[in-house]
Structures are given as structure tokens and as C-alpha cells.
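Undergrad: Just one file: final-v1.pdb, with PDB, C-alpha atoms.
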```pdb
ATOM      1  CA  MET D   1       0.000   0.000   0.000
ATOM      2  CA  GLY D   2       1.227   3.490  -0.856
ATOM      3  CA  ARG D   3       0.567   6.800   0.725
ATOM      4  CA  VAL D   4       0.547  10.343  -0.679
ATOM      5  CA  VAL D   5       0.922  13.333   1.594
ATOM      6  CA  VAL D   6      -0.815  16.603   0.749
ATOM      7  CA  ASP D   7       0.086  19.705   2.744
ATOM      8  CA  VAL D   8      -2.211  22.727   2.613
ATOM      9  CA  MET D   9      -1.407  26.092   4.219
ATOM     10  CA  PRO D  10      -3.439  29.275   4.614
ATOM     11  CA  LYS D  11      -2.265  31.929   2.172
ATOM     12  CA  PRO D  12       0.204  34.365   3.760
ATOM     13  CA  GLU D  13      -2.120  37.343   3.289
ATOM     14  CA  ILE D  14      -5.099  35.601   4.919
ATOM     15  CA  LEU D  15      -5.484  36.091   8.662
ATOM     16  CA  ASP D  16      -4.889  32.784  10.477
ATOM     17  CA  PRO D  17      -6.694  33.083  13.835
ATOM     18  CA  GLN D  18      -5.785  29.510  14.810
ATOM     19  CA  GLY D  19      -2.093  30.159  14.247
ATOM     20  CA  LYS D  20      -2.334  33.385  16.230
ATOM     21  CA  ALA D  21      -4.015  31.604  19.139
ATOM     22  CA  VAL D  22      -1.294  28.937  19.157
ATOM     23  CA  ALA D  23       1.423  31.595  18.978
ATOM     24  CA  ALA D  24      -0.091  33.425  21.958
ATOM     25  CA  ALA D  25      -0.253  30.189  23.971
ATOM     26  CA  LEU D  26       3.384  29.351  23.162
ATOM     27  CA  SER D  27       4.403  32.805  24.297
ATOM     28  CA  ARG D  28       2.535  32.355  27.589
ATOM     29  CA  LEU D  29       4.363  29.048  28.103
ATOM     30  CA  GLY D  30       7.713  30.748  27.701
ATOM     31  CA  PHE D  31       8.653  29.594  24.188
ATOM     32  CA  ASP D  32      10.307  32.931  23.587
ATOM     33  CA  HIS D  33      11.981  32.106  20.299
ATOM     34  CA  VAL D  34       8.672  31.617  18.505
ATOM     35  CA  THR D  35       7.356  34.883  17.139
ATOM     36  CA  GLY D  36       4.647  33.557  14.852
ATOM     37  CA  VAL D  37       2.685  30.416  13.979
ATOM     38  CA  ARG D  38       0.666  29.500  10.924
ATOM     39  CA  GLN D  39      -1.435  26.372  11.094
ATOM     40  CA  GLY D  40      -2.136  24.256   8.022
ATOM     41  CA  LYS D  41      -3.483  20.812   7.202
ATOM     42  CA  ARG D  42      -1.837  17.526   6.279
ATOM     43  CA  PHE D  43      -3.791  14.880   4.373
ATOM     44  CA  GLU D  44      -2.594  11.312   3.910
ATOM     45  CA  LEU D  45      -4.151   9.626   0.901
ATOM     46  CA  GLU D  46      -3.940   5.838   0.847
ATOM     47  CA  VAL D  47      -3.644   4.050  -2.489
ATOM     48  CA  PRO D  48      -3.694   0.288  -3.035
ATOM     49  CA  GLY D  49      -0.394  -0.052  -4.871
ATOM     50  CA  GLU D  50       2.724   1.843  -5.705
ATOM     51  CA  VAL D  51       2.554   5.636  -5.964
ATOM     52  CA  THR D  52       3.021   6.178  -9.688
ATOM     53  CA  ASP D  53       3.164   9.490 -11.550
ATOM     54  CA  GLU D  54      -0.454   8.911 -12.482
ATOM     55  CA  VAL D  55      -1.432   8.518  -8.816
ATOM     56  CA  LEU D  56       0.467  11.682  -7.932
ATOM     57  CA  ALA D  57      -1.266  13.572 -10.728
ATOM     58  CA  GLU D  58      -4.631  12.425  -9.418
ATOM     59  CA  ALA D  59      -3.640  13.454  -5.877
ATOM     60  CA  ARG D  60      -2.695  16.913  -7.169
ATOM     61  CA  LYS D  61      -6.085  17.202  -8.819
ATOM     62  CA  ALA D  62      -7.828  16.106  -5.604
ATOM     63  CA  ALA D  63      -5.778  18.657  -3.674
ATOM     64  CA  GLU D  64      -6.917  21.457  -5.945
ATOM     65  CA  THR D  65     -10.541  20.306  -6.280
ATOM     66  CA  LEU D  66     -11.540  19.410  -2.739
ATOM     67  CA  LEU D  67      -8.688  19.433  -0.242
ATOM     68  CA  SER D  68      -7.895  23.129  -0.634
ATOM     69  CA  ASN D  69      -9.731  26.334  -1.489
ATOM     70  CA  PRO D  70      -7.479  28.434  -3.752
ATOM     71  CA  VAL D  71      -9.070  31.650  -2.481
ATOM     72  CA  ILE D  72      -7.627  31.199   1.002
ATOM     73  CA  GLU D  73      -5.163  28.287   0.827
ATOM     74  CA  ASP D  74      -2.113  27.047  -1.059
ATOM     75  CA  VAL D  75      -1.249  23.433  -1.747
ATOM     76  CA  VAL D  76       2.395  23.482  -0.677
ATOM     77  CA  ARG D  77       3.284  19.811  -1.149
ATOM     78  CA  VAL D  78       2.008  16.691  -2.868
ATOM     79  CA  ALA D  79       4.506  13.853  -2.365
ATOM     80  CA  VAL D  80       4.999  10.165  -1.660
ATOM     81  CA  ALA D  81       4.840   9.597   2.091
ATOM     82  CA  ASP D  82       7.987   8.471   3.882
ATOM     83  CA  GLU D  83       8.041   4.865   5.026
ATOM     84  CA  ALA D  84       7.882   5.837   8.697
ATOM     85  CA  PRO D  85       4.271   6.327   9.884
TER      86      PRO D  85
ATOM     87  CA  MET O   1     -44.535  30.428  -5.937
ATOM     88  CA  ARG O   2     -42.503  27.421  -4.796
ATOM     89  CA  VAL O   3     -39.266  28.035  -2.929
ATOM     90  CA  GLY O   4     -36.977  25.057  -2.366
ATOM     91  CA  VAL O   5     -35.066  24.753   0.899
ATOM     92  CA  VAL O   6     -32.150  22.319   0.760
ATOM     93  CA  THR O   7     -31.377  20.074   3.708
ATOM     94  CA  PHE O   8     -27.803  18.809   3.967
ATOM     95  CA  PRO O   9     -26.605  16.507   6.742
ATOM     96  CA  GLY O  10     -25.998  19.036   9.505
ATOM     97  CA  SER O  11     -28.303  21.787   8.245
ATOM     98  CA  LEU O  12     -30.000  23.509  11.194
ATOM     99  CA  ASP O  13     -32.073  26.366   9.881
ATOM    100  CA  ASP O  14     -33.904  24.637   7.051
ATOM    101  CA  ARG O  15     -37.181  24.583   9.003
ATOM    102  CA  ASP O  16     -36.917  28.260   9.943
ATOM    103  CA  ALA O  17     -36.183  29.095   6.307
ATOM    104  CA  ALA O  18     -39.242  27.109   5.179
ATOM    105  CA  ARG O  19     -41.332  28.875   7.816
ATOM    106  CA  ALA O  20     -40.069  32.256   6.592
ATOM    107  CA  VAL O  21     -41.035  31.347   3.031
ATOM    108  CA  ARG O  22     -44.535  30.430   4.232
ATOM    109  CA  HIS O  23     -44.842  33.684   6.204
ATOM    110  CA  ALA O  24     -43.879  35.623   3.117
ATOM    111  CA  GLY O  25     -46.698  33.960   1.206
ATOM    112  CA  GLY O  26     -44.739  31.329  -0.687
ATOM    113  CA  GLU O  27     -44.861  27.558  -0.694
ATOM    114  CA  PRO O  28     -41.740  25.972   0.788
ATOM    115  CA  VAL O  29     -40.520  22.794  -0.904
ATOM    116  CA  ALA O  30     -38.096  20.520   0.949
ATOM    117  CA  LEU O  31     -35.129  19.589  -1.241
ATOM    118  CA  TRP O  32     -32.789  16.781  -0.216
ATOM    119  CA  HIS O  33     -29.018  16.983  -0.645
ATOM    120  CA  GLY O  34     -28.841  13.493  -2.147
ATOM    121  CA  ASP O  35     -31.524  14.105  -4.767
ATOM    122  CA  ALA O  36     -30.132  15.698  -7.936
ATOM    123  CA  ASP O  37     -33.461  17.333  -8.761
ATOM    124  CA  LEU O  38     -34.840  20.802  -7.993
ATOM    125  CA  HIS O  39     -38.440  19.594  -8.532
ATOM    126  CA  GLY O  40     -39.348  22.633 -10.589
ATOM    127  CA  VAL O  41     -38.999  25.217  -7.796
ATOM    128  CA  ASP O  42     -38.942  28.946  -8.633
ATOM    129  CA  ALA O  43     -36.161  29.821  -6.165
ATOM    130  CA  VAL O  44     -33.884  28.064  -3.671
ATOM    131  CA  VAL O  45     -32.646  28.816  -0.157
ATOM    132  CA  LEU O  46     -29.447  27.176   1.116
ATOM    133  CA  PRO O  47     -29.960  27.365   4.884
ATOM    134  CA  GLY O  48     -27.639  27.837   7.823
ATOM    135  CA  GLY O  49     -26.121  25.120   9.949
ATOM    136  CA  PHE O  50     -23.024  22.981   9.911
ATOM    137  CA  SER O  51     -23.264  20.813   6.812
ATOM    138  CA  TYR O  52     -21.031  17.745   7.140
ATOM    139  CA  GLY O  53     -19.970  19.031  10.558
ATOM    140  CA  ASP O  54     -17.991  21.844   8.902
ATOM    141  CA  TYR O  55     -15.364  19.156   8.204
ATOM    142  CA  LEU O  56     -12.529  20.105   5.836
ATOM    143  CA  ARG O  57     -13.839  23.670   5.335
ATOM    144  CA  CYS O  58     -17.312  25.086   5.908
ATOM    145  CA  GLY O  59     -19.434  24.178   2.888
ATOM    146  CA  ALA O  60     -16.612  22.358   1.102
ATOM    147  CA  ILE O  61     -18.242  18.933   1.108
ATOM    148  CA  ALA O  62     -21.834  20.138   0.703
ATOM    149  CA  ARG O  63     -20.756  21.886  -2.470
ATOM    150  CA  PHE O  64     -20.354  18.479  -4.141
ATOM    151  CA  ALA O  65     -23.724  17.077  -2.977
ATOM    152  CA  PRO O  66     -25.884  15.682  -5.821
ATOM    153  CA  VAL O  67     -28.458  18.501  -5.506
ATOM    154  CA  MET O  68     -25.718  21.058  -6.200
ATOM    155  CA  GLY O  69     -25.285  19.891  -9.815
ATOM    156  CA  PRO O  70     -28.662  21.109 -11.089
ATOM    157  CA  LEU O  71     -28.600  23.989  -8.592
ATOM    158  CA  VAL O  72     -25.349  25.444  -9.934
ATOM    159  CA  ASP O  73     -26.628  25.167 -13.530
ATOM    160  CA  ALA O  74     -29.974  26.774 -12.636
ATOM    161  CA  ALA O  75     -28.282  29.577 -10.666
ATOM    162  CA  ARG O  76     -26.072  30.348 -13.657
ATOM    163  CA  GLY O  77     -29.286  30.443 -15.706
ATOM    164  CA  GLY O  78     -30.894  33.035 -13.425
ATOM    165  CA  LEU O  79     -32.730  31.025 -10.749
ATOM    166  CA  PRO O  80     -32.892  33.113  -7.544
ATOM    167  CA  VAL O  81     -30.713  31.463  -4.874
ATOM    168  CA  LEU O  82     -30.198  32.758  -1.327
ATOM    169  CA  GLY O  83     -27.398  31.326   0.808
ATOM    170  CA  ILE O  84     -27.662  32.101   4.506
ATOM    171  CA  CYS O  85     -24.619  31.580   6.745
ATOM    172  CA  ASN O  86     -23.545  28.008   5.940
ATOM    173  CA  GLY O  87     -25.460  28.452   2.672
ATOM    174  CA  PHE O  88     -23.278  31.487   1.883
ATOM    175  CA  GLN O  89     -20.205  29.356   2.574
ATOM    176  CA  VAL O  90     -21.535  26.679   0.204
ATOM    177  CA  LEU O  91     -22.121  29.282  -2.541
ATOM    178  CA  CYS O  92     -18.537  30.532  -2.185
ATOM    179  CA  GLU O  93     -17.120  26.997  -2.250
ATOM    180  CA  ALA O  94     -19.247  26.301  -5.348
ATOM    181  CA  HIS O  95     -17.762  29.407  -7.025
ATOM    182  CA  LEU O  96     -21.208  30.899  -7.566
ATOM    183  CA  LEU O  97     -19.960  33.794  -5.424
ATOM    184  CA  PRO O  98     -16.354  35.014  -5.141
ATOM    185  CA  GLY O  99     -14.245  35.002  -1.984
ATOM    186  CA  ALA O 100     -14.412  32.782   1.088
ATOM    187  CA  LEU O 101     -15.479  32.778   4.736
ATOM    188  CA  VAL O 102     -12.814  32.166   7.372
ATOM    189  CA  ARG O 103     -12.746  31.903  11.159
ATOM    190  CA  ASN O 104     -13.814  35.085  12.980
ATOM    191  CA  ASP O 105     -10.823  37.294  13.757
ATOM    192  CA  SER O 106     -11.980  37.386  17.407
ATOM    193  CA  ARG O 107     -11.822  33.534  17.466
ATOM    194  CA  LEU O 108     -15.179  33.682  19.250
ATOM    195  CA  PHE O 109     -18.524  32.390  18.082
ATOM    196  CA  VAL O 110     -20.663  35.503  17.730
ATOM    197  CA  CYS O 111     -24.411  35.402  18.419
ATOM    198  CA  ARG O 112     -26.238  38.710  18.550
ATOM    199  CA  ASP O 113     -28.781  40.950  16.888
ATOM    200  CA  GLN O 114     -26.861  42.685  14.139
ATOM    201  CA  ARG O 115     -27.495  46.015  12.453
ATOM    202  CA  LEU O 116     -26.936  45.937   8.684
ATOM    203  CA  ARG O 117     -27.140  48.455   5.873
ATOM    204  CA  VAL O 118     -28.758  47.312   2.635
ATOM    205  CA  GLU O 119     -26.271  48.548   0.036
ATOM    206  CA  ASN O 120     -28.056  47.146  -2.986
ATOM    207  CA  ALA O 121     -31.839  46.941  -3.077
ATOM    208  CA  GLY O 122     -31.757  45.811  -6.685
ATOM    209  CA  THR O 123     -31.140  42.080  -6.211
ATOM    210  CA  ALA O 124     -33.749  39.338  -6.423
ATOM    211  CA  TRP O 125     -33.655  39.028  -2.625
ATOM    212  CA  THR O 126     -33.534  42.693  -1.541
ATOM    213  CA  ALA O 127     -35.980  44.451  -3.878
ATOM    214  CA  GLU O 128     -38.394  45.215  -1.037
ATOM    215  CA  PHE O 129     -35.795  47.290   0.831
ATOM    216  CA  GLY O 130     -34.674  50.826   0.175
ATOM    217  CA  ASP O 131     -31.065  51.513  -0.842
ATOM    218  CA  GLY O 132     -29.155  52.418   2.313
ATOM    219  CA  GLU O 133     -31.916  51.195   4.625
ATOM    220  CA  GLU O 134     -30.716  49.890   7.989
ATOM    221  CA  ILE O 135     -32.165  46.662   9.341
ATOM    222  CA  VAL O 136     -31.562  44.337  12.299
ATOM    223  CA  VAL O 137     -31.419  40.533  12.020
ATOM    224  CA  PRO O 138     -29.676  37.868  14.100
ATOM    225  CA  LEU O 139     -26.088  36.907  13.376
ATOM    226  CA  LYS O 140     -24.576  33.659  14.670
ATOM    227  CA  ASN O 141     -21.354  32.261  13.317
ATOM    228  CA  GLY O 142     -17.866  31.137  14.137
ATOM    229  CA  GLU O 143     -16.480  31.335  10.613
ATOM    230  CA  GLY O 144     -18.069  34.420   9.148
ATOM    231  CA  GLY O 145     -15.070  36.506   8.175
ATOM    232  CA  TYR O 146     -15.511  37.407   4.515
ATOM    233  CA  VAL O 147     -12.204  37.506   2.639
ATOM    234  CA  ALA O 148     -11.230  38.051  -0.990
ATOM    235  CA  ASP O 149      -8.294  39.687  -2.769
ATOM    236  CA  ASP O 150      -8.335  43.464  -3.291
ATOM    237  CA  ARG O 151      -9.151  43.177  -6.980
ATOM    238  CA  THR O 152     -12.252  41.081  -6.217
ATOM    239  CA  LEU O 153     -13.299  43.446  -3.414
ATOM    240  CA  ASP O 154     -12.919  46.486  -5.703
ATOM    241  CA  GLU O 155     -14.929  44.696  -8.369
ATOM    242  CA  LEU O 156     -17.712  43.869  -5.901
ATOM    243  CA  GLU O 157     -17.839  47.474  -4.686
ATOM    244  CA  GLY O 158     -17.663  48.938  -8.179
ATOM    245  CA  GLU O 159     -20.448  46.741  -9.521
ATOM    246  CA  GLY O 160     -22.728  47.297  -6.532
ATOM    247  CA  ARG O 161     -22.474  43.658  -5.536
ATOM    248  CA  VAL O 162     -21.969  44.320  -1.826
ATOM    249  CA  VAL O 163     -25.579  43.668  -0.846
ATOM    250  CA  VAL O 164     -25.443  44.156   2.930
ATOM    251  CA  ARG O 165     -22.752  45.621   5.166
ATOM    252  CA  TYR O 166     -22.250  45.473   8.937
ATOM    253  CA  VAL O 167     -23.056  48.720  10.756
ATOM    254  CA  GLY O 168     -21.146  49.480  13.965
ATOM    255  CA  ASP O 169     -18.577  46.996  15.263
ATOM    256  CA  ASN O 170     -17.452  44.500  12.643
ATOM    257  CA  PRO O 171     -18.457  41.184  14.272
ATOM    258  CA  ASN O 172     -16.034  38.826  12.545
ATOM    259  CA  GLY O 173     -13.264  40.654  10.716
ATOM    260  CA  SER O 174     -14.990  40.614   7.334
ATOM    261  CA  TYR O 175     -13.060  42.689   4.822
ATOM    262  CA  ARG O 176     -14.694  46.076   4.236
ATOM    263  CA  ASP O 177     -17.466  45.146   6.710
ATOM    264  CA  ILE O 178     -19.076  42.950   4.056
ATOM    265  CA  ALA O 179     -21.999  40.902   5.382
ATOM    266  CA  GLY O 180     -23.405  39.732   2.047
ATOM    267  CA  ILE O 181     -22.749  39.844  -1.686
ATOM    268  CA  SER O 182     -24.385  38.895  -4.981
ATOM    269  CA  ASN O 183     -23.333  37.512  -8.336
ATOM    270  CA  GLU O 184     -23.208  39.810 -11.375
ATOM    271  CA  ARG O 185     -26.805  39.182 -12.311
ATOM    272  CA  GLY O 186     -28.130  39.717  -8.781
ATOM    273  CA  ASN O 187     -30.073  36.448  -8.640
ATOM    274  CA  VAL O 188     -27.580  34.699  -6.335
ATOM    275  CA  VAL O 189     -27.122  36.329  -2.927
ATOM    276  CA  GLY O 190     -25.161  35.058   0.062
ATOM    277  CA  LEU O 191     -25.017  36.600   3.526
ATOM    278  CA  MET O 192     -23.823  35.541   6.989
ATOM    279  CA  PRO O 193     -26.672  37.088   9.066
ATOM    280  CA  HIS O 194     -29.964  35.210   9.343
ATOM    281  CA  PRO O 195     -33.019  37.004   7.910
ATOM    282  CA  GLU O 196     -35.126  33.850   8.396
ATOM    283  CA  HIS O 197     -34.868  34.322  12.173
ATOM    284  CA  ALA O 198     -36.436  37.800  11.977
ATOM    285  CA  THR O 199     -39.742  37.220  10.253
ATOM    286  CA  GLU O 200     -42.255  37.107  13.117
ATOM    287  CA  PRO O 201     -42.874  39.810  15.735
ATOM    288  CA  VAL O 202     -42.759  37.402  18.683
ATOM    289  CA  PHE O 203     -39.430  35.778  17.791
ATOM    290  CA  GLY O 204     -36.143  37.612  17.300
ATOM    291  CA  PRO O 205     -35.416  41.304  16.943
ATOM    292  CA  GLY O 206     -38.260  42.157  14.558
ATOM    293  CA  THR O 207     -39.504  41.347  11.107
ATOM    294  CA  ASP O 208     -36.863  43.013   8.913
ATOM    295  CA  GLY O 209     -35.780  39.638   7.589
ATOM    296  CA  LEU O 210     -39.140  38.862   6.056
ATOM    297  CA  ARG O 211     -38.547  41.169   3.121
ATOM    298  CA  PHE O 212     -35.728  39.008   1.765
ATOM    299  CA  PHE O 213     -38.414  36.417   1.141
ATOM    300  CA  THR O 214     -41.184  38.766  -0.036
ATOM    301  CA  SER O 215     -38.642  40.297  -2.431
ATOM    302  CA  VAL O 216     -38.093  37.062  -4.262
ATOM    303  CA  LEU O 217     -41.818  36.316  -4.371
ATOM    304  CA  ARG O 218     -42.514  39.685  -5.933
ATOM    305  CA  GLY O 219     -39.692  39.282  -8.429
ATOM    306  CA  VAL O 220     -40.907  35.917  -9.623
ATOM    307  CA  LEU O 221     -44.489  37.151  -9.936
ATOM    308  CA  THR O 222     -43.475  40.123 -12.047
ATOM    309  CA  ALA O 223     -40.845  38.239 -14.083
TER     310      ALA O 223
END
```
Please express what this file holds, its structure, as C-alpha cells.
TA:
Amino acid sequence: MGRVVVDVMPKPEILDPQGKAVAAALSRLGFDHVTGVRQGKRFELEVPGEVTDEVLAEARKAAETLLSNPVIEDVVRVAVADEAP
Amino acid sequence: MRVGVVTFPGSLDDRDAARAVRHAGGEPVALWHGDADLHGVDAVVLPGGFSYGDYLRCGAIARFAPVMGPLVDAARGGLPVLGICNGFQVLCEAHLLPGALVRNDSRLFVCRDQRLRVENAGTAWTAEFGDGEEIVVPLKNGEGGYVADDRTLDELEGEGRVVVRYVGDNPNGSYRDIAGISNERGNVVGLMPHPEHATEPVFGPGTDGLRFFTSVLRGVLTA
């Protein structure tokens, strides 16, 4: 079984309230080196066999059609998952 | 005059929307998300709620429901469609309206009676208002921040497609205080506040919301 990872991030110009909330909490906990956080999404798509170019192309299409909204998000990575879970 | 009200898994305000249609003098018709048929209705309301639990993004999964196929085609052909709250999010995800709704900048769920200014009384759903008229209807959302790029926002403003705007404190960080917009033709309108909850004197802040529904009835009768 193969796995494709799709990473989606909010566009830089779109306010990310979740990231801001996490950043504020980190600051309260004393993680002083962190000045900002942006929170995105990681999808893991399972496929029955090997991850071929065709599978990757389909995953890219899925990422653009359903997994992300191009108005507010960017698909930053579509790749074969590493072996480690 | 038959007005369809779509129920998705997780819709909450479909019954209130149907009740509002009835109060306005129309006949509400229940439409089911899994049925790719509009059953000959003259207009459609996409109600508020949390379709598919707001999973992935608000409205993102509902937008691919079977009923949305004929609905998108009919909306492009001029069928009046009103998206309220989650319905507005579905219309944006379906690309019938530009932009998107994101989490409130306050990170709080906002529930209050909200003052709005009707900026365009020329749409299918606002014809019974006066341009610039101020109204009060309930607002209740956690992801109601309207966002779009500057070019889109300028286009909306320039073409008079900002239909309603928040008056007073901006409740959710919506760009340019935008509460609702329309498509170019003015038959498709989406807004975050809930006119269907302000249609009877004994419930909610008044009856300002009723005119969204009487507007569409009048338009269809005179069309």
C-alpha cells in the first residue's frame, strides 16, 4: 500500500486566527523564540499499490478540487509519504 | 410560488427558512441533498447550519452534494438562490460567489442581533428594501469573516455587488465590513446574518428579515 501526503497552508495574506491563538499560547508558556505560527493541514491519501506518476497527478487534482480552497489556501506539497508512519 | 429549501446533513435552519417562506406567502418545498433534482422550484434557499460538521472547510463537502449539480446550472441560468450563513459558505465553495469565509478574527462564536445596511436593493432578494436602509437581524457564526483579494473586493464594490454591510462593530473581521454579496446578475445572494430568524414579531429582533423572502416572491411574480 502506498501513501501520498498533501500539505495545505493558509495563504500568507489571509489572517490565520488559529495560528495566532497557538502563537499566543506558546508565548505564555515561555517559548520565547517563537514569534509567529501559521497552522495548516496535512492529508494522507492511501492508495492500493505503488505511488506512480499517475497517482500523484490524481492526488494533485484532488488537492486542488476538494482538499484546498485556492481563495484562502495554497497546496504546498504533494509527495509520496515516507516509510515511517 | 414554490421556494426550495435544501437540507444537507448538519443543516440547522432549514425549518426556519421554510417557515419564513410560508410567512412571506410562498410555498416551501423541501429539497434533499442526495436528490439531484430541484423539482421545478422557482427559487432556492441554502440554509444555515453545519453541513457535514464543517469538516474540511465550511461548505466544502456540501458543495459536491448531488443537488448542487442542477442547482449550480440553474443559478447560472438566473434562478434566484439565497445562501444564509452556511449556505453562503456553500455558494462561495461552489464558485457561484467570489471570496471565502474564514474563522472570525476574534476567534469567538458571535451570536447577537446585528445592524446591517442594505447597500443594494436591486437584487432578487432585496428588492423590497430601500437603498441604504438599515435593518436588524440575528447573526450567529464562528467562521463568518468574509475575505477576498483586493481586486475582487474592488470589483464587488464597483459593480454594486456588496448587498449588505455590517453597521457598527465589525463582528467577525470581514473585509470592508461585508456581510453579504451577490453575483453579477443579482439572482444569487449570500449573507452571513440570518433574515429567516427575523420574520415574526414574537421571535427575534423584529420582522426586517421577512422582506428578503417577499422580495423574491414579488420578483418571480413580475418576471
Undergrad: Using all atoms listed in the file, find the residues of chain O whose closest atom to chain D is at most 12 Å away, then write them as a PyMOL selection string.
TA: chain O and resi 55-64+89-90+92-95+97-108+142-143+145-150+152+172-175
Undergrad: I need the output of the PyMOL selection byres ((chain O and resi 206) around 10) for this file as a ChimeraX atom specification; which residues are they?
TA: /O:113,135-138,195,197-205,207-210
Undergrad: Quick one: residues within 10 Å of Gly40 in chain D, all atoms listed in the file counted, chain neighbours fewer than 3 positions away excluded, as a VMD selection string?
TA: chain D and resid 7 to 11 16 18 to 19 37 73 to 76
Undergrad: Find the distance between CA of Gly4 in chain O and CA of Glu119 in chain O and write it in Å to one decimal.
TA: 25.9 Å
Undergrad: Enter the distance from CA of Leu116 in chain O to CA of Glu196 in chain O, in Å, rounded to one decimal.
TA: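 These two atoms are separated by 14.6 Å.
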Undergrad: Could you tell me which of O:Arg176, O:Arg112, O:Arg165, O:Arg151 comes closest to Glu133 in chain O if we count only C-alpha atoms?
TA: O:Arg165
Undergrad: Give me, please, the distance in Å between CA of Cys85 in chain O and CA of Gly48 in chain O, quoted to one decimal.
TA: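 Those two atoms sit 4.9 Å apart.
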Undergrad: As number ranges by chain, please: the residues near Pro80 in chain O (cut-off 12 Å, all atoms listed in the file, same-chain neighbours under 6 positions excluded).
TA: O: 2-4, 41-46, 71-74, 96, 123-126, 182-183, 185-190, 212-213, 215-220, 223
Undergrad: For the structure provided, state which residues fall under the PyMOL selection byres ((chain D and resi 44) around 12), and present them as a list in words.
TA: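 Given this file, the PyMOL selection byres ((chain D and resi 44) around 12) evaluates to Gly2, Arg3, Val4, Val5, Val6, Asp7, Val8, Lys41, Arg42, Phe43, Leu45, Glu46, Val47, Ala59, Ala62, Ala63, Leu67, Arg77, Val78, Ala79, Val80, Ala81, Asp82 and Pro85 of chain D.
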Undergrad: Determine, counting only C-alpha atoms, which protein, DNA and RNA residues have an atom within 6 Å of an atom of Val67 in chain O; residues of the same chain fewer than 5 positions away are not included. Present the result as a PDB file with C-alpha atoms, keeping the file's coordinate frame.
TA:
```pdb
ATOM      1  CA  HIS O  33     -29.018  16.983  -0.645  1.00  0.00           C
ATOM      2  CA  ASP O  35     -31.524  14.105  -4.767  1.00  0.00           C
ATOM      3  CA  ALA O  36     -30.132  15.698  -7.936  1.00  0.00           C
TER       4      ALA O  36
END
```
Undergrad: Taking all atoms listed in the file into account, name the residue in O:Tyr52, O:Glu184, O:Gly168, O:Leu191 that is nearest to Ala75 in chain O.
TA: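 Closest residue, counting all atoms listed in the file: O:Glu184.
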Undergrad: Evaluate the PyMOL selection byres ((chain O and resi 28) around 7) and record the selected residues as a list in words, following the chain and residue labels used in the document.
TA: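 With the shown file as input, the PyMOL selection byres ((chain O and resi 28) around 7) matches Arg2, Val3, Gly4, Val5, Ala18, Val21, Arg22, Gly26, Glu27, Val29 and Ala30 of chain O.
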Undergrad: Calculated over all atoms listed in the file, which of the candidates D:Ala23, D:Pro12, D:Met1, D:Pro48 has the smallest distance to Thr35 in chain D?
TA: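 Between D:Ala23, D:Pro12, D:Met1, D:Pro48, the residue approaching Thr35 in chain D most closely is D:Ala23.
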Undergrad: Using all atoms listed in the file, which residue out of O:Gly122, O:Arg115, O:Glu159, O:Gly83 lies closest to Gly180 in chain O?
TA: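 Comparing O:Gly122, O:Arg115, O:Glu159, O:Gly83 against Gly180 in chain O, the winner is O:Gly83.
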